[in-house]
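Student: Take a look at this one; I'll ask things after.
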Amino acid sequence: MGKEKHAVQVEFSTDLFKVKSELKDVTKSYCIEYYFKTNNDAKVVDWNSTSHDLQLCFGVKEFLVIAPQSASGVVLDTPEASKLLSAVAIALSNCSSLWPAFVPVHDPSRKAYIGIQNMGTIFTRRFEADYIGSQVPVKLMHLEGLYELFISKFAYSTLDLSMHLFKVHFKMKLTFQTLPFDDDNDDVEGVDADIAQAGGYPDADTHHKTQWDDDCPWSEWYSAEDPVKGFELVATWSEKMVESSLEMAELENASPHEAEKWMLYPKFSPNLSDGSRGNRVGFASQLRLLIDALDMSFHAQFMEDFVSVENSGSDNLKSSAVIPPPTVIDRLLKELFHEGVQLPDFSNSEHKTSRAIKGAPRESLFAQFCLHSLWFGNCNIRAIAVLWIEFVREVRWCWEESQPLPRMPVNGSIDLSTCLIHQKLHMLAICIERKCQLNEDFQDCIGSNDQSSSLEDDDVDMEDPSILGTPSEDFTGKRDSPVTPDDLRGSGSTVSRFNFKPEDIIVATDLKPLDSTRRGSAGTVGTMKLLKSYQSMHKPFTQDAPLMTEDMHEERLQAVEAFGDSFNFSAQLEREVLSSDMSAFKAANPDAVFEDFIRWHSPGDWENDDMEETGSSKGSSTDRPKDNWPPRGHLSKRMSENGNMWRKIWNDASALPVSEQKPLLDPNREGEKILHYLETQRPHQLLEQMICTAFRASAETLNKTSYGGFKQMATKMDQLFITLASGLKRLRVNSLSAGSESIEDLRRLCGVFEHVEKLLTVAASLHRKFLQAPRLSEAIFSDYFSFYLQRMGTRSKDDNVQKEFDKKQQVRFHERPVVSNMFTPPTANQSWRKVLSMGNLLNGHEPVVREIIFSMRDSVSGNHYASRTPNVHQQEIETYRMYICGTSNDLRVALSITSCD
């Protein structure tokens with residue numbers, strides 16, 4: 001049957017529809033509802049959870065319900081109900097309809113019905129259902145008594161039912177329910193909320209109970225509610241023939257493990273899908289507060305302006321801003337600076353697209369500051385201002401006391417893909433290290449004064465680092481410049497002043513007389529010789545290229561543009577570095593010419609006339625020095641042009657080793673500039689960088705969660721990073737203002753983050769509960785993911801959105817022990833009944849619901865039900881059917897009888 005006109009889908013089912021109409025009598029008005037299914041399968045599923053209540057009770061597929069339009073919705077008068085049902089039955093018979101019709105009777109709480117159905121022949125089927133809500137007879141709490149109740153409906157009352165054999169068809173379904181996984185979670189959340197409101201962090205001994213997410217990465221910041229509140233297990237026994245009460249008594253002692261089928265139904269927290277944030281605390285909720293702080297940050301010029309409420313000028317700020325006590329601030333700073341000295345690996349387990357978010361790595365100092373800010377007080381602008389001021393003071397103390405900046409590397413190039421504050425802190429950490437090295441070198445020079453006379457006697461330059469290098473220096477590697485233009489790129493090997501290997505040190509006794517004026521040599525360059533003097537070429541110690549943060553690059557670009565020399569733009573940027581290298585090369589090679597420097601620093605600009613120089617002598621160079629010398633070659637075209645920038649710098653460069661050169665990076669000057677930048681940071685610029693970093697660090701924290709092989713979750717995490725990178729791009733251009741549309745876009749970004757955060761807690765919880773049955777957890781999560789995906793970005797009141805998750809998963813035989821272990825035996829506090837009333841226990845748990853179907857079948861010919869027409873074929877019909885649903889506290893019985901009267 002197709003959908004009827006004006007049909008409405010029943011809420012709990014995907015293929016059950018109803019059509020509603022009114023029937024008016026002289027004195028009363030009735031409502032008629034016709035229920036039908038869209039599929040044409042005539043089979044009725046007994047245990048289908050999406051079936052209508054009357055379908056479960058009586059085994060019908062499509063039916064009518066006639067009820068008065070009154071407050072109760074039931075027919076209280078028995079004669080009226082019989083009269084109404086008879087009238088409907090006659091009307092259906094006249095139009096040859098086989099629909100069963102039901103009328104609700106008695107009190108609405110009893111869920112009682114009477115009904116009738118024309119079977120199309122001489123047979124009529126009658127229905128009756130009623131409910132006992134209290135004081136269930138003890139006999140009816142057991143299978144044996146229920147069996148005898150069914151037998152009594154067709155056996156003579158004088159028979160001893162226990163002594164007679166009746167072939168009764170029997171089906172049973174038992175529903176078990178696990179104990180709640182976190183009974184006192186509400187109490188714990190209340191404690192956390194109070195602590196957060198007070199602006200504090202819980203002490204180590206605050207939580208005595210082990211939380212389900214103690215090993216999850218977010219547990220460092222908050223404890224999440226377990227999204228999986230429990231499980232319902234439905235154990236189903238297939239149909240079997242029962243002939244005596246004794247068999248029923250044996251069945252009551254049977255274990256649920258003997259059931260033919262197990263279906264598992266997870267019960268999720270309503271906070272996941274109710275569409276409201278409620279009291280849920282997580283990264284998403286705190287990021288919303290941080291965005292609110294950004295909206296407030298435009299009301300002042302400096303962070304200090306927010307510390308005093310009187311100066312803030314905002315009534316909203318005065319009423320909502322809470323500053324935690326000094327003890328909390330001290331504890332937080334101690335964790336940031338004194339307990340976090342370890343240098344983390346920023347690339348460790350970093351998501352592949354997280355660098356597209358212009359923040360700071362999760363383990364870095366600024367990222368940890370941002371994460372702590374989320375939970376500092378109620379994350380308002382005043383609390384952030386106080387924390388930032390104290391943070392900068394602590395950074396200045398590290399600078400002034402030459403103490404290492406925690407959680408920051410002291411070497412490497414500046415990562416320009418990170419936020420500017422992180423770049424500045426990295427630069428400051430390098431400056432502190434350089435300053436310490438300069439202090440050590442100064443102390444070494446003072447300590448070596450008493451050896452100066454002996455060194456002068458040997459006619460050796462004191463400042464030659466090849467002789468005075470200290471063992472404490474790490475001399476490895478090559479300088480790495482953040483900007484290497486094509487015009488300046490060379491393949492010559494350079495050795496940093498603070499980077500050379502011990503084997504490169506030239507011993508004073510090996511120096512030749514002509515080498516006495518050589519300074520700053522790091523050893524010879526293979527067998528290469530100088531073009532004019534035929535002396536061995538020496539590689540010099542060179543300075544590291546000056547490190548620059550993003551704003552420093554922009555300043556230099558603006559300076560060059562203002563100068564107007566765009567032709568030699570790149571050369572201007574690297575002029576200082578090139579001049580330093582040339583000075584060091586001249587000092588290490590006093591007889592060198594410009595061509596020598598090119599052969600070492602940029603071999604690609606030296607072109608051999610015949611074959612390339614291999615560095616090994618051919619024949620005896622001492623016997624025939626003029627045959628192979630000088631090498632047949634010349635400078636490249638760009639190096640031999642008139643007015644070449646490199647040659648001009650070469651001519652102007654003095655022969656100075658790096659020990660006498662002006663440092664390319666002045667750590668004292670750069671360090672003070674960085675501190676000034678941090679201390680005068682504009683509030684909105686600080687908050688913009690904090691938001692990018694907080695989003696990135698929060699997402700990275702969640703990304704470290706272990707959730708097994710849930711492919712949908714992995715895809716969702718990848719999409720989250722891409723969405724964050726796209727949504728946070730506008731923060732780079734500093735185009736935000738108070739109350740702008742971009743602020744609302746950021747709040748919507750929090751909504752996306754919250755959805756992913758919720759799904760991740762579901763994935764983590766399921767993964768931990770089914771470590772030994774991963775297929776089951778993946779199947780459950782896949783079902784829930786599809787259910788939740790419909791709700792993302794929609795409101796729960798939408799008609800097309802499924803209200804509750806109702807998917808069940810079949811448990812395979814090898815997975816049953818895992819599921820069974822979830823039903824831990826109840827303790828005395830959890831089980832208020834001392835005596836269990838029902839059988840079929842699972843680890844001490846009695847069923848929360850027991851459903852049974854008894855049925856008797858008979859043939860239409862050869863007995864008192866046989867048709868009087870001899871041409872009717874013999875067929876089996878269900879003469880009696882009883883559906884029983886209940887527990888030890890309530891019982892519902894629905895009976896249907898087929899007769900020929």
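By order of appearance in the structure tokens: chains A, B, ..., then residues from 1 within every chain, and ligands from 1 in the order shown.
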What lies within 7 Å of Ser855 in chain A using only C-alpha atoms, ignoring chain neighbours under 3 positions off, as a list of chain:residue names?
Tutor: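 Final neighbour list, sorted by chain and number: A:Val168, A:His169, A:Phe170, A:Glu878, A:Tyr880, A:Arg881, A:Met882.
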Student: Have a look at A:Ala385, A:Met838, A:Ile884, A:Val577 and name the one nearest to Leu251 in chain A; count only C-alpha atoms.
Tutor: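 Selected residue with least distance to Leu251 in chain A: A:Met838.
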Student: Near Ile722 in chain A, counting only C-alpha atoms, which residues have an atom at most 12 Å away, once you skip same-chain residues fewer than 2 positions from it, shown as a ChimeraX atom specification?
Tutor: /A:351-357,695-696,699,715-720,724-729,749,752-753
Student: Any chance you could export the current selection's C-alpha atoms as a compact mmCIF listing (two decimals), in the first residue's frame?
Tutor:
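Output contents, as saved in again.txt:
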# COMPACT_ATOMS: atom_id res chain seq x y z
CA HIS A 351 48.78 17.16 12.88
CA LYS A 352 49.80 17.46 9.25
CA THR A 353 47.73 20.61 8.64
CA SER A 354 48.05 22.29 12.04
CA ARG A 355 50.83 24.59 10.75
CA ALA A 356 48.23 26.24 8.51
CA ILE A 357 46.79 27.73 11.72
CA PHE A 695 42.22 26.77 18.86
CA ARG A 696 45.32 25.09 17.49
CA ALA A 699 42.65 20.75 18.57
CA THR A 715 38.14 12.22 8.80
CA LYS A 716 36.28 14.59 11.11
CA MET A 717 39.50 15.58 12.87
CA ASP A 718 41.17 16.29 9.52
CA GLN A 719 38.21 18.45 8.52
CA LEU A 720 38.40 20.31 11.83
CA LEU A 724 40.01 26.15 11.73
CA ALA A 725 42.76 27.22 9.33
CA SER A 726 40.18 28.75 7.01
CA GLY A 727 38.08 30.38 9.73
CA LEU A 728 41.04 31.93 11.57
CA LYS A 729 42.71 33.47 8.51
CA LEU A 749 33.61 28.15 14.73
CA VAL A 752 31.92 23.28 14.94
CA PHE A 753 34.64 22.59 17.51
Student: Name the closest residue to Leu84 in chain A among the candidates A:Pro137, A:Ser777, A:Gly115, A:Asp544; distances are taken between atoms, counting only C-alpha atoms.
Tutor: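 That would be A:Gly115, the residue with the smallest distance to Leu84 in chain A.
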Student: Using only C-alpha atoms, pick whichever of A:Asn608, A:Ser109, A:Ser82, A:Asn668 has the shortest atom-to-atom distance to Glu400 in chain A.
Tutor: A:Asn668
Student: Excluding Ser521 in chain A and its own-chain neighbours fewer than 5 positions away, which residues fall within 7 Å of it when counting only C-alpha atoms? Please give them as a PyMOL selection string.
Tutor: chain A and resi 466+538-541+588
Student: Apply DSSP to the backbone of this structure and, from range 618-729 of chain A, keep only the residues in helix (DSSP H, G or I); write these as number ranges by chain.
Tutor: A: 637-640, 645-652, 667-679, 683-703, 711-727, 729
Student: Check the smallest atom-to-atom distance from each of A:Arg556, A:Asn821, A:Phe770, A:Gly604 to Glu574 in chain A using only C-alpha atoms, then report the winner.
Tutor: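 Of all the options, A:Arg556 lies closest to Glu574 in chain A.
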Student: So that I can see what lies close to Trp262 in chain A, please list as a PyMOL selection string the residues with an atom at most 9 Å from it, counting only C-alpha atoms and leaving out residues fewer than 5 positions away in the same chain.
Tutor: chain A and resi 233-236+256-257+809-813+816
Student: Please, could you write that set of residues out with N, CA and C atoms as a PDB file, in the first residue's frame?
Tutor:
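Writing done, so here's result.pdb:
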ATOM      1  N   LEU A 233      20.996  -4.645  27.016  1.00  0.00           N
ATOM      2  CA  LEU A 233      21.231  -5.885  26.290  1.00  0.00           C
ATOM      3  C   LEU A 233      19.903  -6.611  26.131  1.00  0.00           C
ATOM      4  N   VAL A 234      19.552  -6.906  24.899  1.00  0.00           N
ATOM      5  CA  VAL A 234      18.310  -7.613  24.605  1.00  0.00           C
ATOM      6  C   VAL A 234      18.666  -9.031  24.173  1.00  0.00           C
ATOM      7  N   ALA A 235      18.307 -10.001  25.011  1.00  0.00           N
ATOM      8  CA  ALA A 235      18.548 -11.417  24.719  1.00  0.00           C
ATOM      9  C   ALA A 235      17.243 -12.039  24.247  1.00  0.00           C
ATOM     10  N   THR A 236      17.241 -12.654  23.067  1.00  0.00           N
ATOM     11  CA  THR A 236      16.024 -13.185  22.458  1.00  0.00           C
ATOM     12  C   THR A 236      16.141 -14.689  22.292  1.00  0.00           C
ATOM     13  N   PRO A 256      21.131 -16.282  30.204  1.00  0.00           N
ATOM     14  CA  PRO A 256      20.972 -15.482  28.975  1.00  0.00           C
ATOM     15  C   PRO A 256      21.977 -15.859  27.888  1.00  0.00           C
ATOM     16  N   HIS A 257      23.080 -16.501  28.265  1.00  0.00           N
ATOM     17  CA  HIS A 257      24.044 -16.930  27.251  1.00  0.00           C
ATOM     18  C   HIS A 257      23.466 -17.989  26.328  1.00  0.00           C
ATOM     19  N   GLN A 809      22.962  -3.092  17.945  1.00  0.00           N
ATOM     20  CA  GLN A 809      23.988  -3.866  17.253  1.00  0.00           C
ATOM     21  C   GLN A 809      23.939  -5.308  17.735  1.00  0.00           C
ATOM     22  N   GLN A 810      23.953  -6.242  16.793  1.00  0.00           N
ATOM     23  CA  GLN A 810      23.961  -7.648  17.173  1.00  0.00           C
ATOM     24  C   GLN A 810      25.338  -8.034  17.700  1.00  0.00           C
ATOM     25  N   VAL A 811      25.338  -8.740  18.818  1.00  0.00           N
ATOM     26  CA  VAL A 811      26.579  -9.174  19.452  1.00  0.00           C
ATOM     27  C   VAL A 811      26.898 -10.578  18.964  1.00  0.00           C
ATOM     28  N   ARG A 812      28.079 -10.756  18.414  1.00  0.00           N
ATOM     29  CA  ARG A 812      28.493 -12.082  17.961  1.00  0.00           C
ATOM     30  C   ARG A 812      28.909 -12.933  19.155  1.00  0.00           C
ATOM     31  N   PHE A 813      28.965 -14.244  18.928  1.00  0.00           N
ATOM     32  CA  PHE A 813      29.200 -15.161  20.041  1.00  0.00           C
ATOM     33  C   PHE A 813      30.537 -14.896  20.723  1.00  0.00           C
ATOM     34  N   ARG A 816      30.352 -11.949  23.205  1.00  0.00           N
ATOM     35  CA  ARG A 816      29.449 -11.994  24.356  1.00  0.00           C
ATOM     36  C   ARG A 816      30.181 -11.885  25.700  1.00  0.00           C
TER      37      ARG A 816
END
Student: Counting only C-alpha atoms, figure out which residue out of A:Gln689, A:Ser765, A:Gln403, A:Asn843 gets nearest to Arg730 in chain A.
Tutor: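 Nearest candidate to Arg730 in chain A out of A:Gln689, A:Ser765, A:Gln403, A:Asn843: A:Gln689.
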Student: Which residue gives the smallest distance to Glu128 in chain A among A:Leu23, A:Leu174, A:Leu140, A:Val105, with only C-alpha atoms counted?
Tutor: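 Looking only at the distances to Glu128 in chain A, the closest residue turns out to be A:Val105.
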Student: Show me, as a PyMOL selection string, the residues that have an atom within 9 Å of Gly73 in chain A when counting only C-alpha atoms, minus same-chain residues fewer than 4 positions from it.
Tutor: chain A and resi 67-69+104-105+108
Student: Could the residues in this selection be written to a file with C-alpha atoms, as a PDB file, in the first residue's frame?
Tutor:
ATOM      1  CA  ALA A  67     -11.221   7.121  20.576  1.00  0.00           C
ATOM      2  CA  PRO A  68     -13.486   9.879  21.894  1.00  0.00           C
ATOM      3  CA  GLN A  69     -12.223  13.435  21.621  1.00  0.00           C
ATOM      4  CA  PRO A 104      -9.181   2.374  24.413  1.00  0.00           C
ATOM      5  CA  VAL A 105     -11.094   1.661  27.617  1.00  0.00           C
ATOM      6  CA  PRO A 108      -5.629   5.818  30.602  1.00  0.00           C
TER       7      PRO A 108
END
Student: Within 10 Å of range 389-399 of chain A, counting only C-alpha atoms, which residues qualify if same-chain residues fewer than 5 places away don't, as a PyMOL selection string?
Tutor: chain A and resi 303-304+307+329-330+332-334+336-337+366+369+384+404-406+425+428-429+431-433+435+668+671-672+674-676+678-679
Student: Could you dump the residues just selected with C-alpha atoms as an mmCIF file, in the first residue's frame?
Tutor:
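Final file, again38.cif:
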data_model
loop_
_atom_site.group_PDB
_atom_site.id
_atom_site.type_symbol
_atom_site.label_atom_id
_atom_site.label_comp_id
_atom_site.auth_asym_id
_atom_site.auth_seq_id
_atom_site.Cartn_x
_atom_site.Cartn_y
_atom_site.Cartn_z
ATOM 1 C CA MET A 303 46.382 45.386 28.964
ATOM 2 C CA GLU A 304 47.064 47.322 32.171
ATOM 3 C CA VAL A 307 43.412 45.443 35.645
ATOM 4 C CA ILE A 329 48.480 32.959 39.802
ATOM 5 C CA ASP A 330 51.660 31.855 41.600
ATOM 6 C CA LEU A 332 50.106 28.729 37.416
ATOM 7 C CA LEU A 333 53.340 30.656 36.807
ATOM 8 C CA LYS A 334 55.285 27.988 38.644
ATOM 9 C CA LEU A 336 54.640 27.400 33.281
ATOM 10 C CA PHE A 337 58.158 28.494 34.148
ATOM 11 C CA PHE A 366 52.876 30.738 24.613
ATOM 12 C CA PHE A 369 49.942 30.168 28.485
ATOM 13 C CA ILE A 384 43.669 37.438 31.068
ATOM 14 C CA PRO A 404 66.766 29.726 29.866
ATOM 15 C CA LEU A 405 63.260 30.458 28.677
ATOM 16 C CA PRO A 406 61.269 27.265 29.406
ATOM 17 C CA LEU A 425 59.740 34.295 22.470
ATOM 18 C CA LEU A 428 64.333 35.910 22.995
ATOM 19 C CA ALA A 429 65.369 32.377 23.985
ATOM 20 C CA CYS A 431 69.212 35.966 22.562
ATOM 21 C CA ILE A 432 69.462 34.670 26.138
ATOM 22 C CA GLU A 433 71.629 31.803 24.936
ATOM 23 C CA LYS A 435 74.167 36.500 25.826
ATOM 24 C CA ASN A 668 71.138 42.694 24.162
ATOM 25 C CA GLY A 671 66.207 41.137 23.635
ATOM 26 C CA GLU A 672 65.181 44.538 24.954
ATOM 27 C CA ILE A 674 61.307 41.942 22.286
ATOM 28 C CA LEU A 675 60.527 42.763 25.913
ATOM 29 C CA HIS A 676 59.254 46.179 24.859
ATOM 30 C CA LEU A 678 55.554 42.132 24.862
ATOM 31 C CA GLU A 679 55.018 44.861 27.455
#
